[in-house]
file structure35.tsv (TSV, C-alpha atoms)
chain	number	residue	atom	x	y	z
A	27	MET	CA	-16.98	-10.15	7.14
A	28	ALA	CA	-14.98	-7.44	5.44
A	29	PRO	CA	-15.70	-7.02	1.75
A	30	VAL	CA	-13.12	-8.62	-0.48
A	31	GLU	CA	-11.28	-6.09	-2.59
A	32	ARG	CA	-11.57	-6.75	-6.28
A	33	THR	CA	-8.42	-7.48	-8.19
A	34	ASP	CA	-7.37	-5.28	-11.10
A	35	GLU	CA	-8.37	-8.06	-13.44
A	36	GLN	CA	-11.89	-8.18	-11.97
A	37	VAL	CA	-12.21	-4.41	-12.11
A	38	VAL	CA	-11.20	-4.32	-15.76
A	39	ARG	CA	-13.65	-7.07	-16.56
A	40	ASP	CA	-16.48	-5.23	-14.76
A	41	VAL	CA	-15.71	-1.95	-16.53
A	42	LEU	CA	-15.63	-3.64	-19.92
A	43	ALA	CA	-18.96	-5.28	-19.10
A	44	GLY	CA	-20.50	-1.82	-18.70
A	45	ASP	CA	-19.90	-0.95	-15.03
A	46	ARG	CA	-17.91	2.18	-15.78
A	47	ASP	CA	-18.14	3.46	-12.21
A	48	SER	CA	-15.73	0.71	-11.18
A	49	TYR	CA	-13.04	2.52	-13.12
A	50	ARG	CA	-12.67	4.91	-10.19
A	51	LEU	CA	-11.00	2.07	-8.28
A	52	LEU	CA	-8.14	2.16	-10.78
A	53	VAL	CA	-7.91	5.94	-10.43
A	54	ARG	CA	-7.61	5.52	-6.66
A	55	ARG	CA	-5.08	2.72	-6.89
A	56	TYR	CA	-2.75	4.31	-9.42
A	57	GLY	CA	-3.47	8.03	-9.22
A	58	ASP	CA	-0.64	8.84	-6.84
A	59	VAL	CA	2.08	6.87	-8.55
A	60	LEU	CA	1.11	8.20	-11.97
A	61	HIS	CA	0.96	11.74	-10.65
A	62	GLY	CA	4.37	11.39	-9.03
A	63	HIS	CA	5.94	10.38	-12.31
A	64	ALA	CA	4.16	13.12	-14.26
A	65	LEU	CA	5.36	15.68	-11.74
A	66	ARG	CA	8.97	14.60	-12.14
A	67	MET	CA	8.76	14.43	-15.90
A	68	ALA	CA	6.48	17.07	-17.21
A	69	GLY	CA	6.36	20.32	-15.38
A	70	SER	CA	4.09	22.08	-12.96
A	71	PRO	CA	1.74	20.26	-10.59
A	72	ASP	CA	-1.21	21.51	-12.65
A	73	GLU	CA	0.24	20.11	-15.87
A	74	ALA	CA	1.07	16.86	-14.13
A	75	ALA	CA	-2.52	16.49	-12.94
A	76	GLU	CA	-3.83	17.25	-16.42
A	77	LEU	CA	-1.56	14.62	-17.94
A	78	VAL	CA	-2.68	12.04	-15.41
A	79	GLN	CA	-6.30	12.87	-16.12
A	80	ARG	CA	-5.69	12.45	-19.84
A	81	ALA	CA	-3.91	9.14	-19.23
A	82	PHE	CA	-6.82	7.76	-17.22
A	83	VAL	CA	-9.41	8.89	-19.78
A	84	GLN	CA	-7.36	7.51	-22.63
A	85	GLY	CA	-6.92	4.29	-20.66
A	86	PHE	CA	-10.69	4.04	-20.24
A	87	LYS	CA	-11.26	4.50	-23.96
A	88	LYS	CA	-8.67	1.86	-24.86
A	89	LEU	CA	-9.31	-0.51	-21.99
A	90	HIS	CA	-10.53	-3.24	-24.31
A	91	THR	CA	-7.03	-3.33	-25.84
A	92	CYS	CA	-5.31	-3.98	-22.50
A	93	ARG	CA	-3.68	-7.31	-23.08
A	94	GLU	CA	-3.05	-8.20	-19.43
A	95	PRO	CA	-5.82	-6.82	-17.19
A	96	GLY	CA	-3.97	-8.08	-14.13
A	97	ARG	CA	-1.21	-5.59	-14.96
A	98	VAL	CA	-3.45	-2.69	-15.87
A	99	GLY	CA	-1.45	-0.41	-13.56
A	100	ALA	CA	1.67	-0.89	-15.64
A	101	TRP	CA	-0.40	-0.43	-18.80
A	102	LEU	CA	-1.78	2.88	-17.53
A	103	PHE	CA	1.70	3.93	-16.50
A	104	ARG	CA	2.88	3.28	-20.01
A	105	ILE	CA	0.17	5.50	-21.47
A	106	LEU	CA	1.12	8.23	-19.04
A	107	ALA	CA	4.84	7.86	-19.74
A	108	ASN	CA	4.23	8.39	-23.45
A	109	LEU	CA	2.03	11.39	-22.79
A	110	CYS	CA	4.73	12.87	-20.56
A	111	LYS	CA	7.43	12.41	-23.19
A	112	ASP	CA	5.21	13.97	-25.85
A	113	HIS	CA	4.47	16.84	-23.51
A	114	VAL	CA	8.13	17.50	-22.75
A	115	ARG	CA	8.96	17.24	-26.44
A	116	SER	CA	6.29	19.78	-27.28
A	117	LEU	CA	7.79	22.35	-24.94
A	118	ARG	CA	10.65	24.54	-25.92
A	119	ARG	CA	13.58	23.82	-23.66
A	120	SER	CA	13.31	27.17	-21.93
A	121	ASP	CA	9.64	26.53	-21.18
A	122	VAL	CA	10.25	23.42	-19.11
A	123	PRO	CA	9.45	24.63	-15.60
A	124	LEU	CA	11.07	21.87	-13.58
A	125	ALA	CA	13.14	24.37	-11.67
A	126	ALA	CA	9.96	26.04	-10.53
A	127	VAL	CA	8.60	22.68	-9.44
A	128	ALA	CA	11.69	21.91	-7.39
A	129	ARG	CA	11.45	25.32	-5.78
A	130	ALA	CA	7.77	25.03	-5.01
A	131	LEU	CA	7.53	21.58	-3.55
A	132	PRO	CA	8.91	20.31	-0.28
A	133	SER	CA	11.32	17.41	-0.27
A	134	ASP	CA	10.91	14.59	2.24
A	135	ALA	CA	14.63	14.21	2.37
A	136	ASP	CA	15.16	17.74	3.56
A	137	PRO	CA	12.25	18.82	5.74
A	138	ALA	CA	14.21	21.61	7.36
A	139	SER	CA	15.15	23.18	4.08
A	140	ASP	CA	16.46	26.68	4.09
A	141	ALA	CA	17.02	29.03	1.19
A	142	ALA	CA	20.47	27.65	0.40
A	143	ALA	CA	19.23	24.07	0.33
A	144	ALA	CA	16.29	25.07	-1.84
A	145	GLU	CA	18.66	26.77	-4.24
A	146	ILE	CA	20.77	23.65	-4.50
A	147	ARG	CA	17.71	21.50	-5.09
A	148	THR	CA	16.54	23.86	-7.78
A	149	ARG	CA	19.89	23.84	-9.53
A	150	VAL	CA	20.23	20.08	-9.34
A	151	TRP	CA	16.74	19.34	-10.56
A	152	SER	CA	16.76	21.92	-13.36
A	153	ALA	CA	19.80	20.16	-14.81
A	154	LEU	CA	17.37	17.56	-16.10
A	155	ASP	CA	16.17	20.15	-18.62
A	156	ALA	CA	19.33	19.43	-20.58
A	157	LEU	CA	18.31	15.84	-21.27
A	158	THR	CA	16.19	14.55	-24.13
A	159	PRO	CA	12.71	13.37	-23.10
A	160	GLU	CA	13.84	9.76	-23.47
A	161	GLN	CA	16.97	10.27	-21.36
A	162	ARG	CA	14.99	12.16	-18.74
A	163	GLU	CA	12.44	9.35	-18.55
A	164	ALA	CA	15.09	6.67	-18.18
A	165	PHE	CA	17.01	8.67	-15.59
A	166	VAL	CA	13.93	9.54	-13.53
A	167	LEU	CA	12.63	5.97	-13.56
A	168	LYS	CA	15.98	4.49	-12.66
A	169	HIS	CA	17.62	6.91	-10.28
A	170	VAL	CA	14.80	9.00	-8.87
A	171	GLU	CA	11.95	6.49	-8.70
A	172	GLY	CA	14.36	3.63	-8.05
A	173	ARG	CA	12.92	1.12	-10.48
A	174	SER	CA	14.89	-1.84	-11.78
A	175	TYR	CA	15.96	-2.01	-15.40
A	176	GLU	CA	13.57	-4.91	-15.89
A	177	GLU	CA	10.64	-2.83	-14.63
A	178	ILE	CA	11.61	0.06	-16.89
A	179	ALA	CA	11.97	-2.26	-19.86
A	180	ALA	CA	8.38	-3.41	-19.31
A	181	VAL	CA	7.18	0.19	-19.49
A	182	THR	CA	9.32	1.44	-22.35
A	183	ASP	CA	9.57	-1.63	-24.59
A	184	LEU	CA	13.33	-1.17	-24.70
A	185	SER	CA	15.91	-3.82	-23.98
A	186	VAL	CA	17.83	-3.64	-20.72
A	187	ALA	CA	21.01	-3.01	-22.72
A	188	SER	CA	19.45	-0.04	-24.49
A	189	LEU	CA	18.18	1.36	-21.22
A	190	LYS	CA	21.58	1.09	-19.60
A	191	MET	CA	23.05	2.99	-22.51
A	192	ARG	CA	20.38	5.66	-22.24
A	193	VAL	CA	20.89	6.06	-18.50
A	194	HIS	CA	24.64	6.14	-19.00
A	195	ARG	CA	24.31	8.98	-21.52
A	196	ALA	CA	22.03	10.87	-19.16
A	197	ARG	CA	24.56	10.48	-16.37
A	198	GLU	CA	27.38	11.72	-18.55
A	199	ALA	CA	25.34	14.75	-19.57
A	200	LEU	CA	24.45	15.51	-15.98
A	201	ARG	CA	27.94	14.93	-14.67
A	202	GLY	CA	29.23	17.80	-16.79
A	203	LEU	CA	26.51	20.10	-15.53
A	204	LEU	CA	26.92	19.27	-11.87
A	205	GLU	CA	30.63	18.98	-11.45
A	206	GLU	CA	30.53	19.61	-7.74
A	207	TYR	CA	28.76	16.30	-7.29
A	208	ALA	CA	30.90	14.31	-9.69
B	17	MET	CA	4.27	-4.28	-12.74
B	18	SER	CA	1.15	-3.51	-10.73
B	19	ASN	CA	2.70	-4.76	-7.53
B	20	ASP	CA	5.75	-2.70	-8.30
B	21	LEU	CA	3.56	0.31	-8.85
B	22	HIS	CA	1.86	-0.26	-5.51
B	23	GLY	CA	5.29	-0.44	-4.01
B	24	HIS	CA	5.91	3.11	-5.14
B	25	HIS	CA	2.81	4.63	-3.60
B	26	ASP	CA	4.87	6.00	-0.77
B	27	GLU	CA	6.83	7.94	-3.41
B	28	ARG	CA	10.10	6.91	-1.88
B	29	ALA	CA	12.84	5.88	-4.20
B	30	ARG	CA	14.65	2.67	-3.43
B	31	PRO	CA	18.26	3.49	-3.96
B	32	GLU	CA	19.98	0.74	-5.86
B	33	PRO	CA	23.68	0.40	-6.25
B	34	PRO	CA	24.84	2.06	-9.46
B	35	ASP	CA	26.27	0.04	-12.28
B	36	PRO	CA	29.72	-1.27	-11.47
B	37	MET	CA	32.14	1.62	-11.49
B	38	GLU	CA	35.41	2.07	-9.84
B	39	GLY	CA	36.05	3.57	-6.39
B	40	GLU	CA	35.89	7.33	-6.38
B	41	ARG	CA	33.88	7.54	-9.59
B	42	ALA	CA	31.16	5.34	-8.10
B	43	ASP	CA	31.14	7.39	-4.91
B	44	ALA	CA	30.87	10.61	-6.87
B	45	TRP	CA	28.02	9.21	-8.91
B	46	GLU	CA	26.19	8.01	-5.82
B	47	ARG	CA	26.46	11.49	-4.29
B	48	MET	CA	25.01	12.99	-7.46
B	49	ALA	CA	22.19	10.44	-7.64
B	50	ALA	CA	21.37	11.10	-3.99
B	51	ALA	CA	21.24	14.82	-4.75
B	52	PHE	CA	18.68	14.16	-7.47
B	53	ARG	CA	16.59	11.97	-5.20
B	54	ALA	CA	16.62	14.68	-2.56
B	55	ALA	CA	15.70	17.35	-5.10
B	56	ALA	CA	12.93	15.37	-6.77
B	57	PRO	CA	9.50	16.94	-6.54
B	58	ARG	CA	6.98	14.87	-4.65
B	59	GLY	CA	3.28	15.10	-4.27
B	60	SER	CA	0.10	13.09	-4.21
B	61	ALA	CA	-2.54	13.27	-6.89
B	62	PRO	CA	-4.92	16.17	-6.25
B	63	PRO	CA	-8.15	15.15	-4.50
B	64	TRP	CA	-10.24	16.31	-7.45
B	65	LEU	CA	-8.53	13.94	-9.90
B	66	GLU	CA	-10.93	11.04	-9.43
B	67	GLN	CA	-13.96	13.30	-9.75
B	68	ARG	CA	-12.69	14.92	-12.95
B	69	VAL	CA	-11.72	11.63	-14.55
B	70	MET	CA	-15.09	10.09	-13.77
B	71	ALA	CA	-16.94	13.21	-14.94
B	72	GLU	CA	-15.11	13.10	-18.28
B	73	ILE	CA	-15.74	9.40	-18.63
B	74	GLU	CA	-19.45	9.97	-18.04
B	75	THR	CA	-19.57	12.15	-21.16
B	76	LEU	CA	-18.17	9.39	-23.36
B	77	PRO	CA	-20.61	7.35	-25.41
B	78	GLU	CA	-21.30	3.93	-24.01
B	79	ARG	CA	-20.01	0.98	-25.95
B	80	SER	CA	-22.78	-1.04	-27.50
B	81	ARG	CA	-23.29	-4.70	-26.71
B	82	LEU	CA	-22.08	-5.52	-30.19
B	83	GLN	CA	-18.91	-3.50	-29.69
B	84	ARG	CA	-18.35	-5.20	-26.36
B	85	ALA	CA	-18.82	-8.60	-27.92
B	86	LEU	CA	-16.53	-7.76	-30.82
B	87	GLY	CA	-14.04	-6.29	-28.41
B	88	TRP	CA	-14.00	-9.50	-26.45
B	89	LEU	CA	-13.45	-11.50	-29.61
B	90	SER	CA	-10.69	-9.28	-30.93
B	91	ARG	CA	-9.04	-8.37	-27.65
B	92	PRO	CA	-5.33	-9.10	-27.76
B	93	ALA	CA	-4.44	-11.75	-25.24
B	94	VAL	CA	-1.26	-13.26	-24.03
B	95	VAL	CA	-1.12	-16.92	-24.92
B	96	ARG	CA	1.36	-18.99	-23.03
B	97	ILE	CA	2.50	-22.09	-24.82
B	98	SER	CA	4.63	-24.77	-23.27
B	99	PRO	CA	7.93	-25.56	-24.98
B	100	LEU	CA	6.56	-28.98	-25.90
B	101	THR	CA	3.45	-27.55	-27.53
B	102	ALA	CA	5.51	-24.90	-29.31
B	103	GLY	CA	7.89	-27.54	-30.59
B	104	LEU	CA	5.03	-29.66	-31.90
B	105	ALA	CA	3.48	-26.62	-33.57
B	106	ILE	CA	6.77	-25.69	-35.26
B	107	ALA	CA	7.20	-29.26	-36.41
B	108	ALA	CA	3.66	-29.27	-37.80
B	109	VAL	CA	4.24	-26.00	-39.68
B	110	ALA	CA	7.56	-27.29	-41.03
B	111	ALA	CA	5.86	-30.46	-42.22
B	112	LEU	CA	3.18	-28.44	-43.99
B	113	LEU	CA	5.80	-26.32	-45.71
B	114	LEU	CA	7.58	-29.39	-47.03
B	115	VAL	CA	4.45	-30.86	-48.58
B	116	PRO	CA	4.08	-29.56	-52.16
B	117	THR	CA	0.48	-28.45	-52.22
B	118	ARG	CA	-1.11	-25.65	-54.22
B	119	PRO	CA	-1.86	-22.99	-53.37
B	120	THR	CA	0.59	-22.73	-50.50
B	121	PRO	CA	-0.01	-19.89	-48.08
B	122	PRO	CA	3.24	-18.01	-47.56
B	123	PRO	CA	4.71	-18.68	-44.16
B	124	ALA	CA	5.18	-15.35	-42.48
B	125	THR	CA	5.18	-14.29	-38.91
B	126	ASN	CA	4.66	-11.01	-37.22
B	127	GLY	CA	4.31	-10.34	-33.57
B	128	GLY	CA	4.15	-13.96	-32.56
B	129	GLU	CA	0.87	-14.47	-34.35
B	130	PRO	CA	0.15	-15.98	-37.74
B	131	ALA	CA	0.28	-13.08	-40.12
B	132	ALA	CA	-2.42	-12.44	-42.64
B	133	ALA	CA	-0.32	-12.58	-45.75
B	134	ASN	CA	-1.02	-13.05	-49.41
B	135	GLY	CA	1.63	-13.97	-51.92
B	136	THR	CA	1.77	-11.92	-55.10
B	137	GLY	CA	4.59	-12.89	-57.42
B	138	SER	CA	7.82	-12.75	-55.52
B	139	VAL	CA	6.60	-10.53	-52.72
B	140	VAL	CA	4.50	-11.42	-49.73
B	141	TYR	CA	2.10	-9.04	-48.04
B	142	VAL	CA	2.74	-9.14	-44.32
B	143	GLN	CA	0.35	-7.78	-41.75
B	144	PHE	CA	2.13	-5.54	-39.22
B	145	VAL	CA	0.40	-4.70	-35.96
B	146	LEU	CA	1.46	-2.34	-33.20
B	147	GLU	CA	-0.46	-1.20	-30.16
B	148	ALA	CA	0.41	2.46	-29.68
B	149	PRO	CA	-2.47	4.30	-27.99
B	150	THR	CA	-0.78	7.70	-27.87
B	151	ALA	CA	0.84	7.68	-31.30
B	152	THR	CA	-0.19	10.05	-34.04
B	153	SER	CA	1.67	8.16	-36.77
B	154	VAL	CA	3.37	4.79	-37.07
B	155	ALA	CA	5.65	3.67	-39.89
B	156	VAL	CA	7.68	0.54	-40.49
B	157	ALA	CA	11.29	0.47	-41.65
B	158	GLY	CA	13.54	-2.49	-42.13
B	159	ASP	CA	15.93	-4.35	-44.35
B	160	PHE	CA	13.14	-4.59	-46.91
B	161	SER	CA	12.96	-0.78	-47.24
B	162	ASP	CA	16.64	0.08	-46.80
B	163	TRP	CA	15.58	1.25	-43.35
B	164	GLN	CA	13.51	4.06	-44.80
B	165	PRO	CA	10.16	4.46	-42.99
B	166	ALA	CA	8.39	4.19	-46.31
B	167	PHE	CA	5.42	2.16	-45.12
B	168	THR	CA	2.85	3.67	-42.81
B	169	LEU	CA	0.37	1.87	-40.60
B	170	THR	CA	-3.14	3.17	-40.00
B	171	ASP	CA	-5.56	3.24	-37.11
B	172	PRO	CA	-8.88	4.11	-38.75
B	173	ASP	CA	-11.08	3.31	-35.75
B	174	GLY	CA	-8.84	5.16	-33.30
B	175	ASP	CA	-8.50	2.24	-30.92
B	176	GLY	CA	-4.73	2.62	-30.71
B	177	VAL	CA	-4.01	-0.55	-32.67
B	178	TRP	CA	-2.11	0.36	-35.85
B	179	THR	CA	-2.07	-2.06	-38.73
B	180	GLY	CA	-0.86	-2.26	-42.31
B	181	ARG	CA	-0.14	-4.83	-45.01
B	182	ILE	CA	3.26	-4.33	-46.49
B	183	PRO	CA	4.94	-6.07	-49.44
B	184	VAL	CA	8.10	-7.84	-48.35
B	185	GLN	CA	10.52	-9.97	-50.32
B	186	PRO	CA	11.01	-13.51	-49.04
B	187	GLY	CA	13.88	-13.80	-46.61
B	188	VAL	CA	14.82	-12.86	-43.08
B	189	HIS	CA	14.46	-9.16	-42.31
B	190	GLY	CA	15.15	-6.93	-39.33
B	191	TYR	CA	12.65	-4.15	-38.78
B	192	MET	CA	11.46	-1.51	-36.33
B	193	PHE	CA	8.53	0.82	-35.93
B	194	LEU	CA	8.94	4.60	-36.13
B	195	ILE	CA	6.38	6.36	-33.96
B	196	ASP	CA	5.48	10.00	-34.54
B	197	GLU	CA	8.45	10.25	-36.91
B	198	THR	CA	10.79	10.51	-33.95
B	199	ARG	CA	10.69	7.44	-31.73
B	200	TRP	CA	11.98	4.04	-32.78
B	201	GLU	CA	10.34	1.08	-31.12
B	202	THR	CA	11.02	-2.59	-31.32
B	203	ASP	CA	8.00	-4.75	-32.07
B	204	PRO	CA	7.12	-6.16	-28.63
B	205	ARG	CA	5.30	-9.07	-30.23
B	206	ALA	CA	8.04	-10.31	-32.53
B	207	GLU	CA	9.11	-13.90	-32.19
B	208	ARG	CA	12.78	-13.17	-32.68
B	209	TYR	CA	15.13	-10.26	-32.13
B	210	GLN	CA	18.64	-9.35	-33.19
B	211	ASP	CA	21.15	-6.84	-31.87
B	212	ASP	CA	21.60	-3.95	-34.30
B	213	GLY	CA	25.15	-3.25	-33.15
B	214	PHE	CA	24.21	0.17	-31.74
B	215	GLY	CA	22.75	-0.92	-28.43
B	216	ASN	CA	19.24	-1.53	-29.72
B	217	ARG	CA	17.51	-4.64	-30.92
B	218	ASN	CA	15.57	-5.14	-34.09
B	219	ALA	CA	12.60	-7.39	-34.44
B	220	VAL	CA	13.17	-10.17	-36.94
B	221	LEU	CA	10.65	-11.24	-39.54
B	222	ALA	CA	10.99	-14.49	-41.47
B	223	VAL	CA	9.09	-14.54	-44.75
B	224	GLY	CA	8.87	-17.66	-46.83
B	225	ALA	CA	8.61	-17.60	-50.62
B	226	SER	CA	5.17	-17.98	-52.09
B	227	SER	CA	4.86	-20.69	-54.68
call {"tool": "encode", "arguments": {"input": "structure35.tsv", "output": "structure tokens"}}
result
Amino acid sequence: MAPVERTDEQVVRDVLAGDRDSYRLLVRRYGDVLHGHALRMAGSPDEAAELVQRAFVQGFKKLHTCREPGRVGAWLFRILANLCKDHVRSLRRSDVPLAAVARALPSDADPASDAAAAEIRTRVWSALDALTPEQREAFVLKHVEGRSYEEIAAVTDLSVASLKMRVHRAREALRGLLEEYA
Amino acid sequence: MSNDLHGHHDERARPEPPDPMEGERADAWERMAAAFRAAAPRGSAPPWLEQRVMAEIETLPERSRLQRALGWLSRPAVVRISPLTAGLAIAAVAALLLVPTRPTPPPATNGGEPAAANGTGSVVYVQFVLEAPTATSVAVAGDFSDWQPAFTLTDPDGDGVWTGRIPVQPGVHGYMFLIDETRWETDPRAERYQDDGFGNRNAVLAVGASS
């Protein structure tokens, strides 16, 4: 009989009981999705990985404060999201290397990318540098990662109305920068 | 959200229709949003991530049995109460407030939990609590401070739970937390909220007069 996979709630309980090795299951389950968000928010792939590592370690240290162990993934995401915003805030605007990220990484949507397409991607993505960390987070979660407002509200502790306003402001800022798309 | 997070493991965005906009404007926006989705960097977590996280965790001191036991006792938990039970509880509290006994503990609420509050003259000390693991400072501002973040919370044990007892005049007050002197957050554990007229919502604190 195949072994039954432990739920997040069981894993959290085991880790808190002293079985810290079980924590690696959470790293496996949520590593990719956390890394994807960090990559789109924070900068280079190296910085994204460092932020995710910090989020997981911080999550381990604070695990006993996780109010809903069954939703530990969302809780970890929230820690990461705050780290990403702090990271972006700590950078001077000109230091944010998102353009370099867009240039360096392939896009699933455009596997046969040529230089012109890469240039467009770079220009489009680097426009996000003009947003505040909060606007960038809301925009990335909503329009790049495709989450619902309700999901984003759970991560950011903002009301849906506030989020819509934040996304709207981000759109307006981006629209001016990318007139050929608007 | 864990299921939702699993749903994003393939890193593909699920395009949703934009907010209602009219004709050409909506089309233009959808083209722009699609451009961002196409331009978004993608990538899996590096294979060494798990190893590095676990190696760093190994260096952390182990929590003692006592800490674990205390952690279990003090761990925040979501308590779901049926409307009937909540109604009975409210009625019971209201009945207690109407009975003239001395001393009367001041009725105050914060974050959906009975607040530790002591009456002193005409002010009541209210316990504020916010879970903010990544914050470096947390302050409270509200009607009771003319919205100046004059009161700071502390996290002496570094567990990410910030607390502070703050003198508040009896009455109904809106308030918010200010994190790292830059980020306003609504108390996620408040029992009531009100629109602040600027697209945000304030938590609402009801403080009864001490006798």
call {"tool": "closest_residue", "arguments": {"input": "structure35.tsv", "among": "A:Ala81, A:Ala100, A:Asp72, A:Arg39", "to": "chain B", "atoms": "all atoms listed in the file"}}
result
A:Ala100
call {"tool": "residues_around", "arguments": {"input": "structure35.tsv", "residues": "region 156-163 of chain B", "least_positions_apart": "4", "cutoff": "12 Å", "atoms": "only C-alpha atoms", "output": "NGL selection string"}}
result
:B and (139-146 or 167-170 or 178-197 or 199-203 or 212 or 218-223)
call {"tool": "residues_around", "arguments": {"input": "structure35.tsv", "residues": "Asp112 (chain A)", "least_positions_apart": "5", "cutoff": "12 Å", "atoms": "all atoms listed in the file", "output": "list in words"}}
result
Ala64, Met67, Ala68, Leu77, Ile105, Leu106, Ala107, Leu117, Arg118, Thr158, Pro159, Glu160 and Glu163 of chain A; Thr150, Ala151, Thr152, Ile195, Asp196, Thr198 and Arg199 of chain B
call {"tool": "closest_residue", "arguments": {"input": "structure35.tsv", "among": "B:Ala49, B:Arg208, B:Pro149, B:Pro165", "to": "His90 (chain A)", "atoms": "only C-alpha atoms"}}
result
B:Pro149
call {"tool": "closest_residue", "arguments": {"input": "structure35.tsv", "among": "A:Arg201, A:Lys168, A:Arg93, A:His194", "to": "chain B", "atoms": "all atoms listed in the file"}}
result
A:Arg93
call {"tool": "residues_near_point", "arguments": {"input": "structure35.tsv", "point": "(-3.0, 9.1, -22.2)", "cutoff": "12 Å", "atoms": "only C-alpha atoms", "output": "MDAnalysis selection string"}}
result
(chainID A and resid 60 64 74:89 101:113) or (chainID B and resid 69 148:151 176)
call {"tool": "atom_distance", "arguments": {"input": "structure35.tsv", "atom1": "CA of Ser70 (chain A)", "atom2": "CA of Trp151 (chain A)"}}
result
13.2 Å
call {"tool": "atom_distance", "arguments": {"input": "structure35.tsv", "atom1": "CA of His169 (chain A)", "atom2": "CA of Glu73 (chain A)"}}
result
22.5 Å
call {"tool": "atom_distance", "arguments": {"input": "structure35.tsv", "atom1": "CA of Arg162 (chain A)", "atom2": "CA of Asp58 (chain A)"}}
result
19.9 Å
call {"tool": "closest_residue", "arguments": {"input": "structure35.tsv", "among": "B:Tyr209, B:Asn216, B:Ala225, B:Ala155", "to": "chain A", "atoms": "only C-alpha atoms"}}
result
B:Asn216
call {"tool": "closest_residue", "arguments": {"input": "structure35.tsv", "among": "A:Leu51, A:Val59, A:Leu167, A:Ala179", "to": "chain B", "atoms": "all atoms listed in the file"}}
result
A:Val59
call {"tool": "residues_around", "arguments": {"input": "structure35.tsv", "residues": "region 181-192 of chain A", "least_positions_apart": "3", "cutoff": "7 Å", "atoms": "only C-alpha atoms", "output": "VMD selection string"}}
result
(chain A and resid 100 104 161 164 175 to 178 195 to 196) or (chain B and resid 202 204 215 to 216)
call {"tool": "closest_residue", "arguments": {"input": "structure35.tsv", "among": "B:Gln164, B:Gln210, B:Ser60, B:Gln67", "to": "chain A", "atoms": "only C-alpha atoms"}}
result
B:Ser60
call {"tool": "residues_around", "arguments": {"input": "structure35.tsv", "residues": "Val38 (chain A)", "least_positions_apart": "6", "cutoff": "8 Å", "atoms": "all atoms listed in the file", "output": "list in words"}}
result
Tyr49, Leu89, Pro95 and Val98 of chain A
